[in-house]
>>> print(open('work.cif').read())   # mmCIF, C-alpha atoms and all ligand atoms
data_start
#
loop_
_atom_site.label_atom_id
_atom_site.label_comp_id
_atom_site.auth_asym_id
_atom_site.auth_seq_id
_atom_site.Cartn_x
_atom_site.Cartn_y
_atom_site.Cartn_z
CA MET A 1355 116.52 9.87 117.52
CA ARG A 1356 118.01 11.64 114.56
CA LYS A 1357 120.08 14.70 115.20
CA PRO A 1358 117.82 17.64 114.21
CA PHE A 1359 120.57 19.71 112.66
CA THR A 1360 124.26 19.76 112.03
CA HIS A 1361 126.35 22.58 110.69
CA ASP A 1362 127.26 20.35 107.78
CA GLN A 1363 125.30 22.35 105.26
CA THR A 1364 126.69 20.34 102.36
CA ALA A 1365 124.83 17.22 103.35
CA PRO A 1366 122.24 16.47 100.67
CA SER A 1367 119.39 16.16 103.14
CA LYS A 1368 120.02 19.68 104.45
CA THR A 1369 118.17 21.55 101.78
CA GLU A 1370 117.90 25.32 101.78
CA GLU A 1371 114.30 25.01 102.88
CA TYR A 1372 115.24 22.83 105.82
CA ARG A 1373 117.94 25.21 106.97
CA LYS A 1374 115.62 28.22 106.73
CA LEU A 1375 113.03 26.46 108.81
CA TYR A 1376 115.61 25.31 111.32
CA TRP A 1377 116.93 28.80 111.94
CA LYS A 1378 113.44 30.19 112.10
CA GLY A 1379 112.73 27.73 114.89
CA TYR A 1380 116.03 28.54 116.53
CA ARG A 1381 115.27 32.27 116.54
CA PHE A 1382 111.82 31.63 117.93
CA LEU A 1383 112.97 29.32 120.71
CA ASN A 1384 115.95 31.47 121.69
CA ARG A 1385 114.33 34.88 121.60
CA GLU A 1386 115.40 35.87 125.11
CA ARG A 1387 118.93 34.70 124.53
CA ARG A 1388 119.21 36.65 121.26
CA LEU A 1389 117.86 39.81 122.90
CA ARG A 1390 120.34 39.38 125.72
CA TYR A 1391 123.16 38.98 123.23
CA GLY A 1392 122.03 42.12 121.38
CA ARG A 1393 121.99 44.12 124.58
CA TRP A 1394 125.46 42.89 125.48
CA TYR A 1395 126.75 43.56 121.95
CA ARG A 1396 125.52 47.15 121.97
CA SER A 1397 126.78 47.79 125.48
CA ARG A 1398 130.44 47.18 124.55
CA PRO A 1399 132.52 50.38 124.70
CA GLU A 1400 133.81 49.93 121.12
CA TYR A 1401 130.31 49.60 119.75
CA ARG A 1402 129.11 52.65 121.68
CA GLU A 1403 132.06 54.59 120.37
CA TYR A 1404 131.26 53.48 116.82
CA ILE A 1405 127.63 54.53 117.21
CA ARG A 1406 128.64 57.87 118.67
CA LYS A 1407 130.83 58.57 115.64
CA TYR A 1408 128.20 57.31 113.23
CA ASN A 1409 125.55 59.57 114.78
CA ALA A 1410 127.87 62.55 114.64
CA ILE A 1411 128.64 62.02 110.96
CA HIS A 1412 125.08 61.23 109.87
CA ARG A 1413 123.22 63.60 112.14
CA ASP A 1414 121.23 65.21 109.32
CA LYS A 1415 120.29 61.92 107.75
CA ILE A 1416 119.14 60.51 111.11
CA TYR A 1417 117.20 63.67 111.89
CA GLU A 1418 115.48 63.53 108.50
CA ARG A 1419 114.61 59.88 108.92
CA LYS A 1420 113.19 60.40 112.39
CA ASN A 1421 111.10 63.30 111.18
CA ALA A 1422 109.79 61.31 108.25
CA LEU A 1423 108.82 58.49 110.61
CA ARG A 1424 107.12 60.95 112.93
CA ARG A 1425 105.16 62.49 110.08
CA MET A 1426 104.12 59.08 108.82
CA HIS A 1427 103.04 58.01 112.29
CA ALA A 1428 101.06 61.23 112.77
CA LYS A 1429 99.32 60.84 109.43
CA ARG A 1430 98.36 57.23 110.07
CA LEU A 1431 97.16 58.01 113.57
CA LYS A 1432 95.03 60.91 112.37
CA GLU A 1433 93.39 58.80 109.69
CA GLU A 1434 92.77 55.96 112.13
CA VAL A 1435 91.16 58.20 114.74
CA PHE A 1436 89.11 60.15 112.19
CA ARG A 1437 87.91 56.94 110.57
CA HIS A 1438 86.53 55.88 113.91
CA TYR A 1439 84.40 59.01 114.26
CA SER A 1440 83.63 59.44 110.57
CA PRO A 1441 84.13 56.21 108.56
CA SER A 1442 84.16 57.98 105.19
CA LEU A 1443 86.37 60.82 106.47
CA ILE A 1444 83.97 63.68 105.87
CA CYS A 1445 82.75 66.63 107.90
CA GLN A 1446 79.64 65.41 109.66
CA ASN A 1447 77.93 68.74 109.21
CA CYS A 1448 78.58 69.66 105.58
CA GLY A 1449 80.32 66.65 104.05
CA PHE A 1450 83.61 68.38 103.27
CA ALA A 1451 86.10 65.60 102.52
CA ASP A 1452 89.67 66.91 102.68
CA LEU A 1453 91.35 65.29 105.69
CA ARG A 1454 93.84 68.16 105.91
CA ALA A 1455 91.08 70.59 106.92
CA LEU A 1456 89.11 68.26 109.16
CA SER A 1457 89.33 68.26 112.92
CA ILE A 1458 87.87 66.53 115.93
CA ASP A 1459 85.15 68.52 117.62
CA HIS A 1460 84.02 68.12 121.21
CA VAL A 1461 80.28 67.85 120.64
CA SER A 1462 79.27 69.59 123.85
CA GLY A 1463 82.00 72.22 123.54
CA GLY A 1464 84.84 72.95 125.93
CA GLY A 1465 87.41 71.08 123.84
CA GLY A 1466 90.21 73.48 124.71
CA SER A 1467 89.79 73.21 128.46
CA HIS A 1468 89.39 69.45 128.22
CA ARG A 1469 92.63 69.14 126.24
CA ARG A 1470 94.37 71.25 128.86
CA ALA A 1471 92.92 69.05 131.58
CA ILE A 1472 94.39 65.88 130.04
CA GLY A 1473 97.70 67.60 129.35
CA ARG A 1474 97.25 67.58 125.58
CA GLU A 1475 96.95 71.32 125.10
CA ARG A 1476 98.83 71.22 121.83
CA GLY A 1477 96.06 69.17 120.31
CA GLY A 1478 96.80 67.34 117.10
CA THR A 1479 98.74 64.12 117.43
CA LEU A 1480 98.84 64.06 121.23
CA PHE A 1481 95.12 64.55 121.42
CA TYR A 1482 94.51 61.83 118.80
CA GLU A 1483 96.73 59.52 120.81
CA TRP A 1484 94.69 60.24 123.90
CA LEU A 1485 91.46 59.42 122.04
CA LYS A 1486 92.90 56.14 120.79
CA HIS A 1487 94.31 55.05 124.11
CA ASN A 1488 91.02 55.82 125.80
CA GLY A 1489 89.05 53.61 123.45
CA TYR A 1490 87.55 56.45 121.38
CA PRO A 1491 85.24 58.01 123.99
CA ILE A 1492 81.86 59.21 122.76
CA GLY A 1493 81.07 62.90 122.55
CA TYR A 1494 83.40 63.71 119.65
CA GLN A 1495 82.68 64.25 115.99
CA VAL A 1496 84.57 65.14 112.83
CA LEU A 1497 84.00 68.68 111.59
CA CYS A 1498 85.74 70.74 108.95
CA MET A 1499 87.48 73.93 110.06
CA ASN A 1500 84.69 76.10 108.65
CA CYS A 1501 81.93 74.30 110.52
CA GLN A 1502 84.11 74.17 113.62
CA PHE A 1503 84.67 77.89 113.52
CA ILE A 1504 81.04 78.75 112.84
CA LYS A 1505 79.98 76.46 115.66
CA ARG A 1506 82.42 78.18 118.01
CA ILE A 1507 81.04 81.59 117.20
CA GLU A 1508 77.45 80.43 117.46
CA SER A 1509 78.02 78.73 120.79
CA LYS A 1510 80.02 81.74 122.00
CA GLU A 1511 82.98 79.64 122.95
CA PHE A 1512 84.93 82.86 123.01
CA SER A 1513 82.98 84.18 125.98
CA TRP A 1514 86.22 84.07 128.00
CA CYS A 1515 87.56 86.83 125.75
CA PRO A 1516 85.82 90.20 126.35
CA ARG A 1517 86.64 91.56 122.87
CA ARG A 1518 85.56 88.45 120.96
CA SER A 1519 82.40 87.89 123.01
CA ALA A 1520 81.44 91.53 122.48
CA GLU A 1521 81.79 90.94 118.73
CA VAL A 1522 79.69 87.80 118.90
CA LEU A 1523 76.99 89.33 121.05
CA ALA A 1524 76.84 92.48 118.95
ZN ZN B 1 81.87 71.25 107.45
#
>>> encode(input="work.cif", output="structure tokens")
Amino acid sequence: MRKPFTHDQTAPSKTEEYRKLYWKGYRFLNRERRLRYGRWYRSRPEYREYIRKYNAIHRDKIYERKNALRRMHAKRLKEEVFRHYSPSLICQNCGFADLRALSIDHVSGGGGSHRRAIGRERGGTLFYEWLKHNGYPIGYQVLCMNCQFIKRIESKEFSWCPRRSAEVLA
């Protein structure tokens, strides 16, 4: 059988294409080994020291980059989750279409206590993550902030607050 590859890259049969394909195969077949090597490489004291210095010097840049990634992730996640409940990204009550002022509404109310129950009291991204990881449970809809607020008042969701509920009942 012919030798599949030699490091003699000057040989006429070893075209660029061939070499690319060969290394692609090599990377695929030796995935574990490469990961192991990477872990070892990064665990060396000199590399850790280098990284420590790099992080100290470029702290702002790294911080910025992480934040940008986080914002991008949050934006994508929001759109994905909202698209599930409202494919054309509009308020399902009035048709308002600016994603920035749309929110997920718990159809039967009690969204706040539910979010607290699942440990996502901050809402937003964490709550969207929960929805996604739970296979988009039914009982939620997309409403704009106006409709959300009007619904809250009409359904007296503020009944826990004596002042607010007095206002609503008045
Ligand atoms: Zn609306």
>>> atom_distance(input="work.cif", atom1="atom CA of A:Glu1433", atom2="atom CA of A:Leu1485")
12.5 Å
>>> residues_near_ligand(input="work.cif", ligand="ligand ZN 1 (chain B)", cutoff="9 Å", atoms="only C-alpha atoms and all ligand atoms", output="number ranges by chain")
A: 1444-1451, 1456, 1496-1502
>>> write_last_selection(input="work.cif", atoms="C-alpha atoms", output="mmCIF file, in the frame of the given file")
data_model
loop_
_atom_site.group_PDB
_atom_site.id
_atom_site.type_symbol
_atom_site.label_atom_id
_atom_site.label_comp_id
_atom_site.auth_asym_id
_atom_site.auth_seq_id
_atom_site.Cartn_x
_atom_site.Cartn_y
_atom_site.Cartn_z
ATOM 1 C CA ILE A 1444 83.970 63.680 105.870
ATOM 2 C CA CYS A 1445 82.750 66.630 107.900
ATOM 3 C CA GLN A 1446 79.640 65.410 109.660
ATOM 4 C CA ASN A 1447 77.930 68.740 109.210
ATOM 5 C CA CYS A 1448 78.580 69.660 105.580
ATOM 6 C CA GLY A 1449 80.320 66.650 104.050
ATOM 7 C CA PHE A 1450 83.610 68.380 103.270
ATOM 8 C CA ALA A 1451 86.100 65.600 102.520
ATOM 9 C CA LEU A 1456 89.110 68.260 109.160
ATOM 10 C CA VAL A 1496 84.570 65.140 112.830
ATOM 11 C CA LEU A 1497 84.000 68.680 111.590
ATOM 12 C CA CYS A 1498 85.740 70.740 108.950
ATOM 13 C CA MET A 1499 87.480 73.930 110.060
ATOM 14 C CA ASN A 1500 84.690 76.100 108.650
ATOM 15 C CA CYS A 1501 81.930 74.300 110.520
ATOM 16 C CA GLN A 1502 84.110 74.170 113.620
#
>>> closest_residue(input="work.cif", among="A:Ala1455, A:Ala1428, A:Ala1410, A:Ile1405", to="A:Phe1503", atoms="all atoms listed in the file")
A:Ala1455
>>> closest_residue(input="work.cif", among="A:Leu1383, A:Ile1416, A:Ile1492, A:Ala1422", to="A:His1438", atoms="all atoms listed in the file")
A:Ile1492
>>> atom_distance(input="work.cif", atom1="atom CA of A:Val1435", atom2="atom CA of A:Glu1483")
8.3 Å
>>> atom_distance(input="work.cif", atom1="atom CA of A:Pro1491", atom2="atom CA of A:Leu1443")
17.8 Å
>>> closest_residue(input="work.cif", among="A:Arg1402, A:Gly1379, A:Lys1486, A:Lys1505", to="A:Arg1437", atoms="only C-alpha atoms")
A:Lys1486
>>> closest_residue(input="work.cif", among="A:Arg1454, A:Trp1377, A:His1427, A:Ser1442", to="A:Leu1480", atoms="only C-alpha atoms")
A:His1427
